[in-house]
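Source file: protein-v3.cif (mmCIF, C-alpha atoms and all ligand atoms; chains and numbers go by the auth columns)
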```cif
data_structure
loop_
_atom_site.group_PDB
_atom_site.id
_atom_site.type_symbol
_atom_site.label_atom_id
_atom_site.label_comp_id
_atom_site.label_asym_id
_atom_site.label_seq_id
_atom_site.Cartn_x
_atom_site.Cartn_y
_atom_site.Cartn_z
_atom_site.B_iso_or_equiv
_atom_site.auth_seq_id
_atom_site.auth_asym_id
ATOM 1 C CA MET A 1 70.296 91.882 -191.395 0.00 1 S
ATOM 2 C CA GLY A 2 68.595 93.433 -188.358 0.00 2 S
ATOM 3 C CA LYS A 3 69.565 92.682 -184.830 0.00 3 S
ATOM 4 C CA LYS A 4 67.597 90.059 -182.967 0.00 4 S
ATOM 5 C CA ILE A 5 65.591 91.452 -180.053 0.00 5 S
ATOM 6 C CA VAL A 6 65.828 89.447 -176.859 0.00 6 S
ATOM 7 C CA PHE A 7 63.556 89.812 -173.842 0.00 7 S
ATOM 8 C CA ILE A 8 65.204 89.903 -170.455 0.00 8 S
ATOM 9 C CA SER A 9 62.956 87.010 -169.401 0.00 9 S
ATOM 10 C CA ASN A 10 59.990 85.323 -171.057 0.00 10 S
ATOM 11 C CA ASP A 11 58.989 84.034 -167.631 0.00 11 S
ATOM 12 C CA ILE A 12 57.862 87.511 -166.562 0.00 12 S
ATOM 13 C CA CYS A 13 57.324 89.377 -169.861 0.00 13 S
ATOM 14 C CA ARG A 14 54.938 88.817 -172.717 0.00 14 S
ATOM 15 C CA GLN A 15 54.063 90.617 -175.935 0.00 15 S
ATOM 16 C CA ASP A 16 50.373 91.101 -176.779 0.00 16 S
ATOM 17 C CA GLU A 17 48.742 90.927 -180.212 0.00 17 S
ATOM 18 C CA ASN A 18 49.438 94.670 -180.722 0.00 18 S
ATOM 19 C CA GLY A 19 53.153 94.252 -180.065 0.00 19 S
ATOM 20 C CA HIS A 20 52.918 95.899 -176.643 0.00 20 S
ATOM 21 C CA TYR A 21 55.063 94.384 -173.877 0.00 21 S
ATOM 22 C CA HIS A 22 53.672 93.530 -170.446 0.00 22 S
ATOM 23 C CA LEU A 23 54.862 92.087 -167.177 0.00 23 S
ATOM 24 C CA TYR A 24 52.475 89.343 -166.149 0.00 24 S
ATOM 25 C CA GLY A 25 51.560 87.270 -163.137 0.00 25 S
ATOM 26 C CA SER A 26 48.937 84.634 -162.412 0.00 26 S
ATOM 27 C CA ILE A 27 45.605 84.931 -160.663 0.00 27 S
ATOM 28 C CA CYS A 28 43.838 82.021 -159.015 0.00 28 S
ATOM 29 C CA LYS A 29 40.433 81.252 -160.573 0.00 29 S
ATOM 30 C CA LYS A 30 39.332 79.668 -157.303 0.00 30 S
ATOM 31 C CA CYS A 31 40.269 82.259 -154.646 0.00 31 S
ATOM 32 C CA GLY A 32 41.566 85.294 -156.575 0.00 32 S
ATOM 33 C CA HIS A 33 45.066 85.231 -155.041 0.00 33 S
ATOM 34 C CA LYS A 34 47.646 86.888 -157.320 0.00 34 S
ATOM 35 C CA SER A 35 51.237 85.709 -157.849 0.00 35 S
ATOM 36 C CA TYR A 36 54.133 87.496 -159.477 0.00 36 S
ATOM 37 C CA PRO A 37 56.029 85.973 -161.156 0.00 37 S
ATOM 38 C CA ALA A 38 53.265 83.704 -162.452 0.00 38 S
ATOM 39 C CA SER A 39 52.907 80.339 -160.762 0.00 39 S
ATOM 40 C CA SER A 40 51.374 77.074 -161.989 0.00 40 S
ATOM 41 C CA PHE A 41 49.526 76.723 -158.682 0.00 41 S
ATOM 42 C CA CYS A 42 48.032 79.045 -156.069 0.00 42 S
ATOM 43 C CA THR A 43 50.340 79.699 -153.142 0.00 43 S
ATOM 44 C CA SER A 44 47.261 80.403 -150.980 0.00 44 S
ATOM 45 C CA CYS A 45 44.814 77.520 -151.748 0.00 45 S
ATOM 46 C CA LEU A 46 47.061 75.252 -153.923 0.00 46 S
ATOM 47 C CA SER A 47 44.554 75.227 -156.817 0.00 47 S
ATOM 48 C CA GLN A 48 46.135 74.660 -160.223 0.00 48 S
ATOM 49 C CA GLU A 49 43.413 76.712 -161.962 0.00 49 S
ATOM 50 C CA GLN A 50 45.446 79.798 -162.746 0.00 50 S
ATOM 51 C CA GLU A 51 45.141 82.424 -165.436 0.00 51 S
ATOM 52 C CA ILE A 52 47.520 85.121 -166.616 0.00 52 S
ATOM 53 C CA TYR A 53 46.983 88.803 -165.811 0.00 53 S
ATOM 54 C CA ASP A 54 49.035 91.815 -166.870 0.00 54 S
ATOM 55 C CA LEU A 55 50.559 93.984 -164.177 0.00 55 S
ATOM 56 C CA LYS A 56 49.634 97.667 -164.142 0.00 56 S
ATOM 57 C CA GLU A 57 52.383 99.792 -165.659 0.00 57 S
ATOM 58 C CA GLU A 58 52.168 102.382 -162.872 0.00 58 S
ATOM 59 C CA GLY A 59 53.666 101.857 -159.439 0.00 59 S
ATOM 60 C CA GLU A 60 55.854 103.571 -156.880 0.00 60 S
ATOM 61 C CA ILE A 61 59.408 103.210 -155.674 0.00 61 S
ATOM 62 C CA TYR A 62 59.493 101.030 -152.566 0.00 62 S
ATOM 63 C CA SER A 63 63.289 101.162 -152.404 0.00 63 S
ATOM 64 C CA TYR A 64 66.210 101.732 -154.755 0.00 64 S
ATOM 65 C CA THR A 65 69.976 101.706 -155.062 0.00 65 S
ATOM 66 C CA ILE A 66 72.527 102.802 -157.622 0.00 66 S
ATOM 67 C CA THR A 67 75.168 100.278 -158.663 0.00 67 S
ATOM 68 C CA ARG A 68 78.425 101.978 -159.528 0.00 68 S
ATOM 69 C CA VAL A 69 80.474 98.817 -160.145 0.00 69 S
ATOM 70 C CA GLN A 70 80.183 96.769 -163.342 0.00 70 S
ATOM 71 C CA PRO A 71 78.606 93.396 -162.472 0.00 71 S
ATOM 72 C CA PRO A 72 80.427 90.252 -163.640 0.00 72 S
ATOM 73 C CA TYR A 73 77.541 89.246 -165.931 0.00 73 S
ATOM 74 C CA GLY A 74 75.304 91.164 -168.269 0.00 74 S
ATOM 75 C CA HIS A 75 76.217 94.468 -169.785 0.00 75 S
ATOM 76 C CA PHE A 76 74.283 97.018 -167.787 0.00 76 S
ATOM 77 C CA PRO A 77 75.969 100.396 -168.026 0.00 77 S
ATOM 78 C CA VAL A 78 77.235 101.938 -164.795 0.00 78 S
ATOM 79 C CA PRO A 79 76.057 103.821 -162.859 0.00 79 S
ATOM 80 C CA HIS A 80 72.988 101.603 -162.933 0.00 80 S
ATOM 81 C CA PRO A 81 69.927 102.407 -160.766 0.00 81 S
ATOM 82 C CA ILE A 82 67.808 99.444 -159.635 0.00 82 S
ATOM 83 C CA ALA A 83 64.499 99.814 -157.808 0.00 83 S
ATOM 84 C CA TYR A 84 62.012 97.654 -156.006 0.00 84 S
ATOM 85 C CA ILE A 85 58.686 98.869 -157.426 0.00 85 S
ATOM 86 C CA SER A 86 55.448 98.407 -155.540 0.00 86 S
ATOM 87 C CA ILE A 87 52.334 97.893 -157.697 0.00 87 S
ATOM 88 C CA PRO A 88 49.509 97.754 -155.121 0.00 88 S
ATOM 89 C CA GLU A 89 46.677 97.289 -157.661 0.00 89 S
ATOM 90 C CA SER A 90 48.444 94.214 -159.016 0.00 90 S
ATOM 91 C CA GLU A 91 49.520 92.978 -155.567 0.00 91 S
ATOM 92 C CA ALA A 92 53.077 92.753 -156.867 0.00 92 S
ATOM 93 C CA ARG A 93 56.556 94.092 -156.323 0.00 93 S
ATOM 94 C CA VAL A 94 58.979 94.188 -159.235 0.00 94 S
ATOM 95 C CA THR A 95 62.751 94.595 -159.294 0.00 95 S
ATOM 96 C CA ALA A 96 63.778 96.606 -162.353 0.00 96 S
ATOM 97 C CA PRO A 97 66.105 99.389 -163.498 0.00 97 S
ATOM 98 C CA LEU A 98 65.191 103.080 -163.407 0.00 98 S
ATOM 99 C CA PHE A 99 66.147 105.584 -166.096 0.00 99 S
ATOM 100 C CA MET A 100 69.471 107.094 -164.984 0.00 100 S
ATOM 101 C CA GLU A 101 68.522 110.494 -166.423 0.00 101 S
ATOM 102 C CA ASP A 102 65.849 110.738 -163.680 0.00 102 S
ATOM 103 C CA GLU A 103 68.532 110.484 -160.954 0.00 103 S
ATOM 104 C CA GLY A 104 67.704 113.802 -159.272 0.00 104 S
ATOM 105 C CA HIS A 105 64.153 112.518 -158.678 0.00 105 S
ATOM 106 C CA PHE A 106 64.859 109.078 -157.198 0.00 106 S
ATOM 107 C CA GLN A 107 62.897 108.964 -153.973 0.00 107 S
ATOM 108 C CA ILE A 108 60.993 106.344 -152.016 0.00 108 S
ATOM 109 C CA GLY A 109 57.311 106.856 -152.793 0.00 109 S
ATOM 110 C CA ALA A 110 57.940 108.469 -156.206 0.00 110 S
ATOM 111 C CA LYS A 111 55.361 107.428 -158.807 0.00 111 S
ATOM 112 C CA VAL A 112 56.810 105.536 -161.750 0.00 112 S
ATOM 113 C CA LYS A 113 55.623 104.104 -165.050 0.00 113 S
ATOM 114 C CA MET A 114 57.056 101.082 -166.821 0.00 114 S
ATOM 115 C CA GLU A 115 58.456 101.251 -170.351 0.00 115 S
ATOM 116 C CA PHE A 116 60.118 98.417 -172.195 0.00 116 S
ATOM 117 C CA SER A 117 63.532 99.765 -173.134 0.00 117 S
ATOM 118 C CA VAL A 118 66.953 98.727 -174.308 0.00 118 S
ATOM 119 C CA TYR A 119 69.093 97.304 -171.510 0.00 119 S
ATOM 120 C CA TRP A 120 72.160 96.855 -173.684 0.00 120 S
ATOM 121 C CA GLU A 121 73.179 96.046 -177.250 0.00 121 S
ATOM 122 C CA GLU A 122 75.454 93.299 -178.387 0.00 122 S
ATOM 123 C CA GLU A 123 76.974 92.575 -181.768 0.00 123 S
ATOM 124 C CA ASP A 124 73.975 90.631 -183.086 0.00 124 S
ATOM 125 C CA GLN A 125 71.192 91.376 -180.625 0.00 125 S
ATOM 126 C CA ILE A 126 69.426 94.019 -178.584 0.00 126 S
ATOM 127 C CA VAL A 127 68.414 93.045 -175.059 0.00 127 S
ATOM 128 C CA ILE A 128 65.278 94.761 -173.762 0.00 128 S
ATOM 129 C CA GLY A 129 63.305 94.629 -170.540 0.00 129 S
ATOM 130 C CA PRO A 130 61.109 96.635 -168.195 0.00 130 S
ATOM 131 C CA LYS A 131 62.459 99.969 -166.967 0.00 131 S
ATOM 132 C CA TYR A 132 60.678 102.518 -164.808 0.00 132 S
ATOM 133 C CA ARG A 133 60.487 106.259 -165.435 0.00 133 S
ATOM 134 C CA ILE A 134 59.680 108.764 -162.689 0.00 134 S
ATOM 135 C CA VAL A 135 56.322 110.417 -163.449 0.00 135 S
ATOM 136 C CA GLN A 136 55.721 112.175 -160.120 0.00 136 S
ATOM 137 C CA GLU A 137 57.936 112.839 -157.142 0.00 137 S
ATOM 138 C CA GLY A 138 56.684 111.447 -153.876 0.00 138 S
ATOM 139 C CA GLY A 139 57.432 111.352 -150.210 0.00 139 S
ATOM 140 C CA CYS A 140 58.145 108.265 -148.202 0.00 140 S
ATOM 141 C CA THR A 141 54.880 106.372 -147.706 0.00 141 S
ATOM 142 C CA HIS A 142 56.237 103.552 -145.568 0.00 142 S
ATOM 143 C CA ALA A 143 58.729 103.310 -142.725 0.00 143 S
HETATM 144 ZN ZN ZN B . 43.784 80.139 -154.792 0.00 201 S
#
```

Represent the supplied structure as structure tokens.
Amino acid sequence: MGKKIVFISNDICRQDENGHYHLYGSICKKCGHKSYPASSFCTSCLSQEQEIYDLKEEGEIYSYTITRVQPPYGHFPVPHPIAYISIPESEARVTAPLFMEDEGHFQIGAKVKMEFSVYWEEEDQIVIGPKYRIVQEGGCTHA
């Protein structure tokens, strides 16, 4: 029997009809304000007329750190790089792991692209979630 695949969170991730995974937020039908994670009401005008939109897969590193101590929960391998990713087109910032093999290229302002990847495997399941790969080195674009 195959392992069960588990999303890191169904509150922020969805799978489309083609099996492709997306991060999603909500956009207000009344004023166009975007929220990530998705909200049932607009945090700008309080309208409850919201619809789902998919975040762009491309963004840039706003900040990052590398955890070198095993956390008490979850099974992330160490060292474990975590970044705050800015996605200006989607008006969102996302906290997600980076690919450790890109370590020499971690830099604020580096362009990244999201891929759904394995976070860790357990006896009967595989846990997946969004991870960002460096696609272009960049300089610091904010102070
Ligand atoms: Zn609104």

With all atoms listed in the file as the counted atoms, please give the residues lying no more than 12 Å from range 19-22 of chain S, apart from itself and same-chain residues fewer than 2 positions off, as a ChimeraX atom specification. /S:7-17,24-25,52-58,114-117,128-131

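Residues in contact with ligand ZN 201 (chain S) (atom pairs separated by at most 8 Å; all atoms listed in the file) are Ile27, Cys28, Lys29, Lys30, Cys31, Gly32, His33, Phe41, Cys42, Thr43, Ser44, Cys45, Leu46, Ser47 and Glu49 of chain S.
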
So that I can check the surroundings of range 77-79 of chain S, please list as number ranges by chain every protein, DNA and RNA residue that reaches within 9 Å of it, counting all atoms listed in the file and ignoring chain neighbours fewer than 3 positions away. S: 66-71, 100, 119-120

Can you tell me which residues surround Ala96 in chain S at a distance of at most 8 Å, considering all atoms listed in the file, apart from same-chain residues fewer than 3 positions away, and format the answer as a list in words? Ile82, Ala83, Tyr84, Ile85, Pro130, Lys131 and Tyr132 of chain S

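In this structure, CA of Ser90 in chain S sits 22.2 Å away from CA of Phe106 in chain S.
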
Could you check how far CA of Val118 in chain S sits from CA of Arg133 in chain S, in Å to one decimal? 13.3 Å

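Going from CA of Gln125 in chain S over to CA of Lys113 in chain S, you cover 25.4 Å.
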
Quick one: apply the PyMOL selection byres (((chain S and resi 62) around 10) and not hetatm) to the file and drop the selected residues here as a PyMOL selection string. chain S and resi 59-61+63-64+83-87+93-95+107-111+140-142
